[in-house]
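The file work.tsv comes next; it holds TSV, C-alpha atoms.
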chain	number	residue	atom	x	y	z
A	210	MET	CA	16.01	-17.56	-0.76
A	211	PHE	CA	13.38	-16.52	-3.33
A	212	ALA	CA	12.53	-20.09	-4.36
A	213	LEU	CA	12.10	-21.09	-0.71
A	214	ALA	CA	9.81	-18.14	0.00
A	215	ILE	CA	7.60	-19.04	-2.95
A	216	LYS	CA	7.60	-22.74	-2.04
A	217	GLN	CA	6.48	-21.92	1.51
A	218	TYR	CA	3.75	-19.60	0.20
A	219	LEU	CA	2.39	-22.27	-2.17
A	220	GLU	CA	2.42	-24.94	0.54
A	221	ARG	CA	0.70	-22.65	3.06
A	222	HIS	CA	-2.20	-21.93	0.73
A	223	GLY	CA	-2.35	-25.23	-1.13
A	224	PHE	CA	-1.66	-23.63	-4.52
A	225	GLU	CA	0.21	-25.52	-7.24
A	226	SER	CA	2.28	-22.68	-8.71
A	227	ILE	CA	2.49	-18.93	-9.24
A	228	ASN	CA	1.36	-17.78	-12.69
A	229	LEU	CA	2.30	-14.12	-12.44
A	230	LYS	CA	0.03	-11.76	-14.39
A	231	ALA	CA	-0.02	-8.61	-12.21
A	232	VAL	CA	1.92	-6.76	-9.53
A	233	LEU	CA	-0.20	-4.67	-7.16
A	234	PHE	CA	1.62	-1.76	-5.52
A	235	ASP	CA	0.67	0.29	-2.49
A	236	MET	CA	1.21	4.05	-2.99
A	237	ASP	CA	2.57	5.92	0.04
A	238	GLY	CA	6.01	4.68	1.02
A	239	VAL	CA	6.13	2.50	-2.11
A	240	LEU	CA	5.60	4.76	-5.14
A	241	TYR	CA	6.49	7.91	-3.22
A	242	ASP	CA	8.69	8.68	-0.22
A	243	SER	CA	5.67	10.46	1.21
A	244	MET	CA	5.28	9.09	4.71
A	245	PRO	CA	7.33	11.82	6.46
A	246	ASN	CA	4.87	14.40	5.07
A	247	HIS	CA	1.89	12.27	6.05
A	248	ALA	CA	3.22	11.88	9.59
A	249	VAL	CA	3.46	15.66	10.03
A	250	ALA	CA	0.03	16.24	8.48
A	251	TRP	CA	-1.55	13.64	10.76
A	252	GLN	CA	-0.02	15.13	13.88
A	253	GLU	CA	-0.93	18.74	13.05
A	254	SER	CA	-4.46	18.02	11.86
A	255	MET	CA	-5.47	15.72	14.71
A	256	ALA	CA	-4.12	18.18	17.30
A	257	LYS	CA	-6.71	20.67	16.02
A	258	PHE	CA	-9.42	18.21	17.09
A	259	GLY	CA	-7.80	17.38	20.42
A	260	ILE	CA	-6.47	14.02	19.30
A	261	LYS	CA	-2.83	13.14	19.99
A	262	MET	CA	-1.25	11.27	17.11
A	263	THR	CA	2.47	10.54	16.94
A	264	ALA	CA	4.68	9.84	13.95
A	265	ASP	CA	4.81	6.20	15.08
A	266	ASP	CA	0.98	6.12	15.04
A	267	ALA	CA	1.01	7.43	11.46
A	268	TYR	CA	3.45	4.74	10.30
A	269	ALA	CA	1.69	1.96	12.22
A	270	THR	CA	-1.71	2.79	10.71
A	271	GLU	CA	-0.40	3.51	7.21
A	272	GLY	CA	-2.45	1.92	4.47
A	273	ALA	CA	-5.77	2.01	6.32
A	274	ARG	CA	-8.54	4.29	5.09
A	275	GLY	CA	-8.01	7.70	6.69
A	276	VAL	CA	-11.53	7.80	8.13
A	277	ASP	CA	-10.99	4.38	9.72
A	278	THR	CA	-7.77	5.56	11.37
A	279	ILE	CA	-9.53	8.64	12.74
A	280	ARG	CA	-12.49	6.68	14.10
A	281	MET	CA	-10.09	4.29	15.80
A	282	MET	CA	-8.04	7.12	17.37
A	283	VAL	CA	-11.16	8.94	18.61
A	284	MET	CA	-12.52	5.75	20.16
A	285	LYS	CA	-9.16	4.99	21.76
A	286	GLN	CA	-8.64	8.45	23.24
A	287	ARG	CA	-12.18	9.73	23.77
A	288	GLY	CA	-14.13	6.49	24.18
A	289	ARG	CA	-16.59	7.83	21.63
A	290	GLU	CA	-17.86	6.32	18.38
A	291	ILE	CA	-18.01	8.82	15.52
A	292	ASP	CA	-19.62	8.21	12.16
A	293	GLU	CA	-17.86	8.30	8.81
A	294	ALA	CA	-19.17	11.79	7.99
A	295	GLU	CA	-17.58	13.31	11.11
A	296	ALA	CA	-14.36	11.44	10.48
A	297	GLN	CA	-14.36	12.73	6.89
A	298	ILE	CA	-14.40	16.33	8.12
A	299	MET	CA	-11.30	15.61	10.21
A	300	TYR	CA	-9.65	13.75	7.32
A	301	ASP	CA	-10.31	16.68	4.98
A	302	GLU	CA	-8.24	18.87	7.31
A	303	LYS	CA	-5.42	16.32	7.27
A	304	SER	CA	-5.58	16.27	3.47
A	305	ARG	CA	-5.49	20.08	3.30
A	306	ILE	CA	-2.31	20.23	5.39
A	307	PHE	CA	-0.69	17.42	3.42
A	308	HIS	CA	-1.30	19.11	0.07
A	309	GLU	CA	0.25	22.37	1.32
A	310	MET	CA	3.52	20.54	1.98
A	311	PRO	CA	6.34	20.09	-0.58
A	312	GLU	CA	5.65	17.34	-3.10
A	313	ALA	CA	7.08	13.98	-1.98
A	314	PRO	CA	9.76	12.53	-4.27
A	315	ILE	CA	9.27	9.37	-6.31
A	316	MET	CA	10.74	6.38	-4.45
A	317	PRO	CA	14.22	5.51	-5.75
A	318	GLY	CA	14.15	2.28	-7.74
A	319	ILE	CA	10.41	2.17	-8.42
A	320	ILE	CA	10.54	3.42	-12.03
A	321	ASP	CA	13.23	0.90	-12.96
A	322	LEU	CA	11.25	-1.87	-11.26
A	323	MET	CA	8.05	-0.98	-13.13
A	324	ARG	CA	9.96	-0.79	-16.40
A	325	GLN	CA	11.17	-4.36	-15.88
A	326	ILE	CA	7.71	-5.59	-14.95
A	327	LYS	CA	6.13	-3.99	-18.00
A	328	SER	CA	8.82	-5.42	-20.32
A	329	ASP	CA	7.95	-8.87	-18.95
A	330	GLY	CA	4.34	-8.37	-20.10
A	331	ILE	CA	2.96	-8.20	-16.55
A	332	GLN	CA	0.18	-5.79	-15.54
A	333	ILE	CA	0.72	-3.13	-12.88
A	334	GLY	CA	-2.00	-2.06	-10.44
A	335	ILE	CA	-2.08	0.45	-7.58
A	336	VAL	CA	-3.97	-0.28	-4.35
A	337	THR	CA	-4.08	2.65	-1.94
A	338	GLY	CA	-5.99	3.56	1.20
A	339	SER	CA	-6.19	7.13	-0.12
A	340	GLY	CA	-9.02	8.51	-2.18
A	341	GLN	CA	-7.64	12.01	-2.71
A	342	ARG	CA	-8.07	13.05	-6.32
A	343	PRO	CA	-4.83	15.09	-6.52
A	344	LEU	CA	-2.84	11.99	-5.54
A	345	ILE	CA	-4.54	9.87	-8.19
A	346	LYS	CA	-3.80	12.53	-10.79
A	347	ARG	CA	-0.17	12.54	-9.73
A	348	ILE	CA	0.06	8.75	-10.10
A	349	LEU	CA	-1.23	9.06	-13.65
A	350	LYS	CA	1.27	11.84	-14.39
A	351	ASP	CA	4.29	10.06	-12.90
A	352	PHE	CA	3.43	6.44	-13.72
A	353	GLY	CA	1.16	6.78	-16.76
A	354	ASP	CA	3.54	4.68	-18.85
A	355	PHE	CA	2.82	1.72	-16.57
A	356	VAL	CA	-0.72	2.03	-15.16
A	357	ASP	CA	-4.07	3.56	-16.11
A	358	GLU	CA	-6.90	4.72	-13.86
A	359	SER	CA	-8.94	1.54	-14.36
A	360	HIS	CA	-6.18	-0.35	-12.52
A	361	ILE	CA	-6.08	1.98	-9.49
A	362	THR	CA	-7.99	0.89	-6.38
A	363	THR	CA	-8.74	3.63	-3.82
A	364	ALA	CA	-10.50	4.00	-0.48
A	365	TYR	CA	-13.74	4.68	-2.34
A	366	ASP	CA	-13.71	1.28	-4.05
A	367	VAL	CA	-14.09	-0.65	-0.79
A	368	LYS	CA	-16.14	-0.51	2.39
A	369	ARG	CA	-13.43	-2.23	4.43
A	370	GLY	CA	-9.88	-0.96	4.06
A	371	LYS	CA	-6.54	-2.54	4.95
A	372	PRO	CA	-5.77	-4.76	6.92
A	373	ASN	CA	-8.87	-6.45	5.46
A	374	PRO	CA	-8.29	-8.26	2.16
A	375	ASP	CA	-10.92	-6.23	0.29
A	376	PRO	CA	-8.58	-3.66	-1.33
A	377	TYR	CA	-6.31	-6.31	-2.83
A	378	LEU	CA	-9.23	-8.54	-3.83
A	379	THR	CA	-10.59	-5.50	-5.68
A	380	GLY	CA	-7.15	-5.01	-7.24
A	381	LEU	CA	-7.28	-8.60	-8.52
A	382	LYS	CA	-10.73	-7.97	-9.96
A	383	LYS	CA	-9.60	-4.81	-11.74
A	384	ALA	CA	-6.66	-6.72	-13.22
A	385	GLY	CA	-9.10	-9.10	-14.93
A	386	ASP	CA	-10.62	-11.26	-12.17
A	387	LEU	CA	-7.24	-12.78	-11.36
A	388	LYS	CA	-6.69	-15.50	-8.77
A	389	PRO	CA	-4.42	-14.87	-5.75
A	390	TRP	CA	-1.60	-16.98	-7.21
A	391	GLU	CA	-1.57	-14.79	-10.33
A	392	ALA	CA	-0.28	-11.65	-8.58
A	393	PHE	CA	2.28	-10.16	-6.22
A	394	VAL	CA	1.56	-7.46	-3.63
A	395	VAL	CA	4.22	-4.82	-2.83
A	396	GLU	CA	3.80	-3.09	0.53
A	397	ASN	CA	5.80	-1.14	3.09
A	398	ALA	CA	3.42	-1.06	6.06
A	399	PRO	CA	2.18	-3.76	8.46
A	400	LEU	CA	-1.53	-3.15	7.78
A	401	GLY	CA	-0.90	-3.36	4.04
A	402	VAL	CA	1.12	-6.54	4.40
A	403	LYS	CA	-1.70	-8.05	6.45
A	404	ALA	CA	-4.18	-7.09	3.73
A	405	GLY	CA	-2.11	-8.77	1.01
A	406	VAL	CA	-1.64	-11.88	3.12
A	407	ALA	CA	-5.36	-11.97	3.97
A	408	ALA	CA	-6.10	-11.88	0.23
A	409	ARG	CA	-3.77	-14.94	-0.09
A	410	ILE	CA	-1.46	-13.10	-2.52
A	411	PHE	CA	2.34	-13.47	-2.37
A	412	THR	CA	3.24	-10.32	-0.43
A	413	ILE	CA	6.59	-8.57	-0.72
A	414	ALA	CA	7.46	-6.01	1.96
A	415	VAL	CA	9.92	-3.20	1.31
A	416	ASN	CA	10.97	-1.45	4.52
A	417	THR	CA	11.16	2.16	3.32
A	418	GLY	CA	10.18	3.67	6.68
A	419	PRO	CA	11.42	3.77	10.29
A	420	LEU	CA	9.58	0.70	11.60
A	421	PRO	CA	11.74	-2.30	12.56
A	422	ALA	CA	11.89	-4.93	9.82
A	423	GLN	CA	10.53	-7.46	12.30
A	424	VAL	CA	7.20	-5.61	12.33
A	425	LEU	CA	6.74	-6.45	8.64
A	426	LEU	CA	7.85	-10.04	9.17
A	427	ASP	CA	5.42	-10.34	12.10
A	428	ALA	CA	2.66	-9.23	9.69
A	429	ASN	CA	3.63	-12.38	7.71
A	430	ALA	CA	5.30	-10.83	4.67
A	431	ASP	CA	6.44	-13.60	2.32
A	432	LEU	CA	9.60	-11.72	1.35
A	433	LEU	CA	11.36	-8.63	2.73
A	434	PHE	CA	13.71	-6.08	1.13
A	435	PRO	CA	15.37	-3.20	3.00
A	436	LYS	CA	14.81	-0.75	0.14
A	437	MET	CA	13.15	-0.50	-3.25
A	438	THR	CA	16.41	-0.47	-5.21
A	439	ASP	CA	17.25	-3.89	-3.74
A	440	PHE	CA	13.89	-5.22	-4.91
A	441	SER	CA	14.42	-3.76	-8.38
A	442	ASP	CA	17.92	-5.27	-8.59
A	443	ASN	CA	16.49	-8.71	-7.73
A	444	TRP	CA	13.35	-8.64	-9.89
A	445	LYS	CA	14.65	-11.12	-12.49
A	446	ASN	CA	15.74	-13.56	-9.77
A	447	ILE	CA	12.33	-13.44	-8.06
A	448	LYS	CA	10.46	-13.91	-11.33
A	449	LYS	CA	12.58	-16.96	-12.19
A	450	ALA	CA	12.22	-18.56	-8.73

Written as structure tokens, how would this file's structure read?
Amino acid sequence: MFALAIKQYLERHGFESINLKAVLFDMDGVLYDSMPNHAVAWQESMAKFGIKMTADDAYATEGARGVDTIRMMVMKQRGREIDEAEAQIMYDEKSRIFHEMPEAPIMPGIIDLMRQIKSDGIQIGIVTGSGQRPLIKRILKDFGDFVDESHITTAYDVKRGKPNPDPYLTGLKKAGDLKPWEAFVVENAPLGVKAGVAARIFTIAVNTGPLPAQVLLDANADLLFPKMTDFSDNWKNIKKA
């Protein structure tokens, strides 16, 4: 299965082989089981501005820059274009509510997976649509054995967020100007999968949320796991494929 997925990826892009030097992880729903908290924070905060946002909306737009999600929702429901500054005010309220909620747990399996990757001499990077400083500090506290701040890409590093390729292209640059065939992307959301695919990186989806698996396959994920522990258990097999 793994060898076939890699073969199809190489043929699709015209690459000769994968020379793995880095694995680029999304944050929410990948490092942390945080999406339930985000869904509540989105719904409560947007209601204060008269915008209806459901839990499904939160999961479907996961990975995008928060201000981009807000501008899209306002346009969709109000037919009005708002600038980034106005969207930022609304996003600040969402962030305030989120940070008042209980801390999301680390995703089961992710530490073991990172430990294996590091022992194989492969770099680890984080590519998130968030730019909230408390979240970046938590990454460094929880995953400091595997990643440093110079290898974290946030919303403030790019003008165009996911599903555009820019965040993952920036992740490649921060990993040492790597080529697409020198990295893997690990995502749990359709917009993030689309961003990895658009960057022409082998993109692994892990379905840690409530969306149907087909949604991630329709976003053209190269490989799909139902949970992070399954991915961790199969790391050696994927690396050898």

Selection: 7 Å around range 214-224 of chain A, all atoms listed in the file, excl. self and same-chain fewer than 5 positions, as a ChimeraX atom specification: /A:411,431-432

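Pairwise distance (CA of Asp366 in chain A, CA of Ile306 in chain A) equals 24.0 Å.
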
Report the closest atom pair, with its distance in Å rounded to one decimal, for each residue of range 320-382 of chain A that has an atom no farther than 12 Å from range 435-448 of chain A; count all atoms listed in the file, sort by chain and then rising residue number, and write it as a Markdown table.
| residue | atom | partner | partner_atom | distance |
| --- | --- | --- | --- | --- |
| A:Ile320 | CA | A:Ser441 | CA | 8.9 |
| A:Asp321 | CA | A:Ser441 | CA | 6.6 |
| A:Leu322 | CA | A:Ser441 | CA | 4.7 |
| A:Met323 | CA | A:Ser441 | CA | 8.4 |
| A:Arg324 | CA | A:Ser441 | CA | 9.6 |
| A:Gln325 | CA | A:Trp444 | CA | 7.7 |
| A:Ile326 | CA | A:Trp444 | CA | 8.2 |
| A:Lys327 | CA | A:Trp444 | CA | 11.8 |
| A:Ser328 | CA | A:Lys445 | CA | 11.3 |
| A:Asp329 | CA | A:Lys448 | CA | 9.5 |
| A:Ile331 | CA | A:Lys448 | CA | 10.8 |

Using all atoms listed in the file: which of A:Glu391, A:Asp427, A:Glu358, A:Glu396 has the shortest distance to Ile413 in chain A: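 Going through A:Glu391, A:Asp427, A:Glu358, A:Glu396 one by one, the smallest distance to Ile413 in chain A is for A:Glu396.
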
Proximity to Lys368 in chain A - best of A:Ala250, A:Arg274, A:Val232, A:Pro421, only C-alpha atoms: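 That would be A:Arg274, the residue with the smallest distance to Lys368 in chain A.
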
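The space separating CA of Met299 in chain A from CA of Ile345 in chain A comes to 20.4 Å.
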
Å distance separating CA of Gly380 in chain A from CA of Leu425 in chain A, one decimal place: 21.1 Å

Nearest candidate to Ala313 in chain A (options A:Gly338, A:Pro343, A:Pro245, A:Pro419; using all atoms listed in the file): A:Pro245

Nearest residue to Pro314 in chain A from the set A:Arg347, A:Lys383, A:Arg287, A:Lys449 (distances using only C-alpha atoms):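 Nearest candidate to Pro314 in chain A out of A:Arg347, A:Lys383, A:Arg287, A:Lys449: A:Arg347.
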
Of the listed residues A:Thr362, A:Thr379, A:Asn416, A:Asn373, that which approaches Lys403 in chain A most closely, counting all atoms listed in the file: A:Asn373

Distance criterion (all atoms listed in the file): nearest to Phe434 in chain A out of A:Met262, A:Ala231, A:Val395, A:Ile410: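 Using all atoms listed in the file, the shortest distance to Phe434 in chain A belongs to A:Val395.
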
Please rebuild range 268-298 of chain A with N, CA and C atoms and return the result as a PDB file, in the coordinates of the input.
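Generated output (out-v5.pdb):
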ATOM      1  N   TYR A 268       2.818   5.848  11.018  1.00  0.00           N
ATOM      2  CA  TYR A 268       3.450   4.740  10.300  1.00  0.00           C
ATOM      3  C   TYR A 268       2.748   3.408  10.596  1.00  0.00           C
ATOM      4  N   ALA A 269       2.321   3.227  11.840  1.00  0.00           N
ATOM      5  CA  ALA A 269       1.690   1.960  12.220  1.00  0.00           C
ATOM      6  C   ALA A 269       0.328   1.765  11.569  1.00  0.00           C
ATOM      7  N   THR A 270      -0.373   2.879  11.294  1.00  0.00           N
ATOM      8  CA  THR A 270      -1.710   2.790  10.710  1.00  0.00           C
ATOM      9  C   THR A 270      -1.699   3.072   9.207  1.00  0.00           C
ATOM     10  N   GLU A 271      -0.516   3.241   8.642  1.00  0.00           N
ATOM     11  CA  GLU A 271      -0.400   3.510   7.210  1.00  0.00           C
ATOM     12  C   GLU A 271      -1.076   2.424   6.386  1.00  0.00           C
ATOM     13  N   GLY A 272      -1.789   2.868   5.359  1.00  0.00           N
ATOM     14  CA  GLY A 272      -2.450   1.920   4.470  1.00  0.00           C
ATOM     15  C   GLY A 272      -3.936   1.776   4.747  1.00  0.00           C
ATOM     16  N   ALA A 273      -4.348   2.053   5.988  1.00  0.00           N
ATOM     17  CA  ALA A 273      -5.770   2.010   6.320  1.00  0.00           C
ATOM     18  C   ALA A 273      -6.480   3.213   5.694  1.00  0.00           C
ATOM     19  N   ARG A 274      -7.786   3.114   5.512  1.00  0.00           N
ATOM     20  CA  ARG A 274      -8.540   4.290   5.090  1.00  0.00           C
ATOM     21  C   ARG A 274      -8.398   5.365   6.149  1.00  0.00           C
ATOM     22  N   GLY A 275      -8.206   6.615   5.726  1.00  0.00           N
ATOM     23  CA  GLY A 275      -8.010   7.700   6.690  1.00  0.00           C
ATOM     24  C   GLY A 275      -9.146   7.819   7.688  1.00  0.00           C
ATOM     25  N   VAL A 276     -10.382   7.673   7.217  1.00  0.00           N
ATOM     26  CA  VAL A 276     -11.530   7.800   8.130  1.00  0.00           C
ATOM     27  C   VAL A 276     -11.534   6.670   9.156  1.00  0.00           C
ATOM     28  N   ASP A 277     -11.049   5.492   8.766  1.00  0.00           N
ATOM     29  CA  ASP A 277     -10.990   4.380   9.720  1.00  0.00           C
ATOM     30  C   ASP A 277      -9.955   4.641  10.798  1.00  0.00           C
ATOM     31  N   THR A 278      -8.806   5.209  10.401  1.00  0.00           N
ATOM     32  CA  THR A 278      -7.770   5.560  11.370  1.00  0.00           C
ATOM     33  C   THR A 278      -8.292   6.584  12.363  1.00  0.00           C
ATOM     34  N   ILE A 279      -8.992   7.594  11.868  1.00  0.00           N
ATOM     35  CA  ILE A 279      -9.530   8.640  12.740  1.00  0.00           C
ATOM     36  C   ILE A 279     -10.566   8.081  13.703  1.00  0.00           C
ATOM     37  N   ARG A 280     -11.465   7.259  13.215  1.00  0.00           N
ATOM     38  CA  ARG A 280     -12.490   6.680  14.100  1.00  0.00           C
ATOM     39  C   ARG A 280     -11.859   5.825  15.190  1.00  0.00           C
ATOM     40  N   MET A 281     -10.790   5.111  14.819  1.00  0.00           N
ATOM     41  CA  MET A 281     -10.090   4.290  15.800  1.00  0.00           C
ATOM     42  C   MET A 281      -9.403   5.155  16.852  1.00  0.00           C
ATOM     43  N   MET A 282      -8.754   6.245  16.423  1.00  0.00           N
ATOM     44  CA  MET A 282      -8.040   7.120  17.370  1.00  0.00           C
ATOM     45  C   MET A 282      -9.023   7.829  18.301  1.00  0.00           C
ATOM     46  N   VAL A 283     -10.160   8.273  17.774  1.00  0.00           N
ATOM     47  CA  VAL A 283     -11.160   8.940  18.610  1.00  0.00           C
ATOM     48  C   VAL A 283     -11.731   7.966  19.645  1.00  0.00           C
ATOM     49  N   MET A 284     -12.019   6.755  19.224  1.00  0.00           N
ATOM     50  CA  MET A 284     -12.520   5.750  20.160  1.00  0.00           C
ATOM     51  C   MET A 284     -11.488   5.445  21.241  1.00  0.00           C
ATOM     52  N   LYS A 285     -10.243   5.329  20.832  1.00  0.00           N
ATOM     53  CA  LYS A 285      -9.160   4.990  21.760  1.00  0.00           C
ATOM     54  C   LYS A 285      -8.927   6.096  22.789  1.00  0.00           C
ATOM     55  N   GLN A 286      -8.987   7.346  22.349  1.00  0.00           N
ATOM     56  CA  GLN A 286      -8.640   8.450  23.240  1.00  0.00           C
ATOM     57  C   GLN A 286      -9.842   9.116  23.899  1.00  0.00           C
ATOM     58  N   ARG A 287     -10.976   9.065  23.238  1.00  0.00           N
ATOM     59  CA  ARG A 287     -12.180   9.730  23.770  1.00  0.00           C
ATOM     60  C   ARG A 287     -13.251   8.744  24.216  1.00  0.00           C
ATOM     61  N   GLY A 288     -13.110   7.485  23.846  1.00  0.00           N
ATOM     62  CA  GLY A 288     -14.130   6.490  24.180  1.00  0.00           C
ATOM     63  C   GLY A 288     -15.447   6.784  23.503  1.00  0.00           C
ATOM     64  N   ARG A 289     -15.374   7.394  22.329  1.00  0.00           N
ATOM     65  CA  ARG A 289     -16.590   7.830  21.630  1.00  0.00           C
ATOM     66  C   ARG A 289     -16.575   7.318  20.194  1.00  0.00           C
ATOM     67  N   GLU A 290     -17.706   6.788  19.769  1.00  0.00           N
ATOM     68  CA  GLU A 290     -17.860   6.320  18.380  1.00  0.00           C
ATOM     69  C   GLU A 290     -18.302   7.488  17.523  1.00  0.00           C
ATOM     70  N   ILE A 291     -17.575   7.781  16.445  1.00  0.00           N
ATOM     71  CA  ILE A 291     -18.010   8.820  15.520  1.00  0.00           C
ATOM     72  C   ILE A 291     -18.344   8.168  14.179  1.00  0.00           C
ATOM     73  N   ASP A 292     -19.231   8.793  13.438  1.00  0.00           N
ATOM     74  CA  ASP A 292     -19.620   8.210  12.160  1.00  0.00           C
ATOM     75  C   ASP A 292     -18.635   8.634  11.066  1.00  0.00           C
ATOM     76  N   GLU A 293     -18.809   8.056   9.898  1.00  0.00           N
ATOM     77  CA  GLU A 293     -17.860   8.300   8.810  1.00  0.00           C
ATOM     78  C   GLU A 293     -17.894   9.755   8.359  1.00  0.00           C
ATOM     79  N   ALA A 294     -19.056  10.394   8.435  1.00  0.00           N
ATOM     80  CA  ALA A 294     -19.170  11.790   7.990  1.00  0.00           C
ATOM     81  C   ALA A 294     -18.331  12.709   8.881  1.00  0.00           C
ATOM     82  N   GLU A 295     -18.380  12.490  10.190  1.00  0.00           N
ATOM     83  CA  GLU A 295     -17.580  13.310  11.110  1.00  0.00           C
ATOM     84  C   GLU A 295     -16.091  13.046  10.912  1.00  0.00           C
ATOM     85  N   ALA A 296     -15.754  11.784  10.726  1.00  0.00           N
ATOM     86  CA  ALA A 296     -14.360  11.440  10.480  1.00  0.00           C
ATOM     87  C   ALA A 296     -13.864  12.057   9.180  1.00  0.00           C
ATOM     88  N   GLN A 297     -14.744  12.150   8.182  1.00  0.00           N
ATOM     89  CA  GLN A 297     -14.360  12.730   6.890  1.00  0.00           C
ATOM     90  C   GLN A 297     -13.988  14.196   7.038  1.00  0.00           C
ATOM     91  N   ILE A 298     -14.717  14.913   7.885  1.00  0.00           N
ATOM     92  CA  ILE A 298     -14.400  16.330   8.120  1.00  0.00           C
ATOM     93  C   ILE A 298     -12.982  16.462   8.682  1.00  0.00           C
TER      94      ILE A 298
END
